Amino acid sequence: MATGEGPCWDEPVHRLWPLPPDDSSGPLTDADLEEIYGYPAGLSGPWVQANFVSSADGAVSVGDRSAGLSHPADKRIFALGRDLADVVLVGAGTVKAEKYRGARAGELRVERRRRLGLSDVPPIAVVSGRCTITPDDPIVADTVVPPIVLTTESAPAHRRADLAAAGAEVLTAGEHSVDLRAALGALGEMGLRRVNCEGGPHLFATLVAEDLVDQLCLTIAPLLAGAGADRIVAGRATDVPRGLRLVSLLHEDGFTMFRYRRRHRETDG
């Protein structure tokens, strides 16, 4: 998912489905979007939303970057995903490829999060089984809130120590590969239950395989990228397909923004 952020996104977004009682399909306000994309109330454990953009033929990137698929309206939804979350979850490969830095404390973000009773800026939790993130990476060196690094017992001790010395919070979850269920549980114990996953495909595939995805926010770009790029999932296979329900559909300038939830979830918000 593209990581562009700005102080405010003014690109209009329209609702295709479901329409409100007055059958209005005019531009949605920030308040409308907050209501549509808000997390369920009263969470007792982690609740994971995945946020992706894809081309019409299924590519997750153009030239190895997701930015080529994005649009101002999509970026507005992307920024909202961060604004409403307790923590942003992302894989180390995506952090490196997209040159991630910490979330920024923009005026709109701080106002919205304070109004909703959240911290000014969400931390970013990086899944890195071998602890390949370094203190020089922007995610560590260019951030308002220190990142959380989710790694393993087998990760080199000196890498973990270097990151901790640079201010990162290093959590081990699993011996040789990151146990995502345990990692999410650890985040939940820290009060970080609203989880916004921004990729990449390998992390998402593992979340799907472990049946840990509660909501998928998927933007489809009106582009044909051709062969070569990954899908939004790559790597670990899933034993059985995971059922989803479409709960909202927005659009702008040919871009369609789907929101799906797990079928067995009772809350349809």
# chains A, B, ... in the order shown; residues from 1 in each chain; ligands from 1

$ closest_atom_pairs --of "segment 47-122 of chain A" --to "segment 245-257 of chain A" --cutoff "8 Å" --atoms "only C-alpha atoms" --output "tab-separated table"
residue	atom	partner	partner_atom	distance
A:His71	CA	A:Phe255	CA	7.8
A:Ala73	CA	A:Glu252	CA	6.7
A:Asp74	CA	A:Met257	CA	7.5

$ residues_around --residues "segment 28-35 of chain A" --least-positions-apart "2" --cutoff "7 Å" --atoms "only C-alpha atoms" --output "NGL selection string"
:A and (12-14 or 26 or 37-38)

$ select_by_dssp --residues "segment 109-216 of chain A" --states "helix (DSSP H, G or I)" --output "ChimeraX atom specification"
/A:109-115,138-141,157-165,180-189,201-209

$ closest_residue --among "A:Arg194, A:Arg15, A:Arg113, A:His202" --to "Leu43 of chain A" --atoms "only C-alpha atoms"
A:Arg194
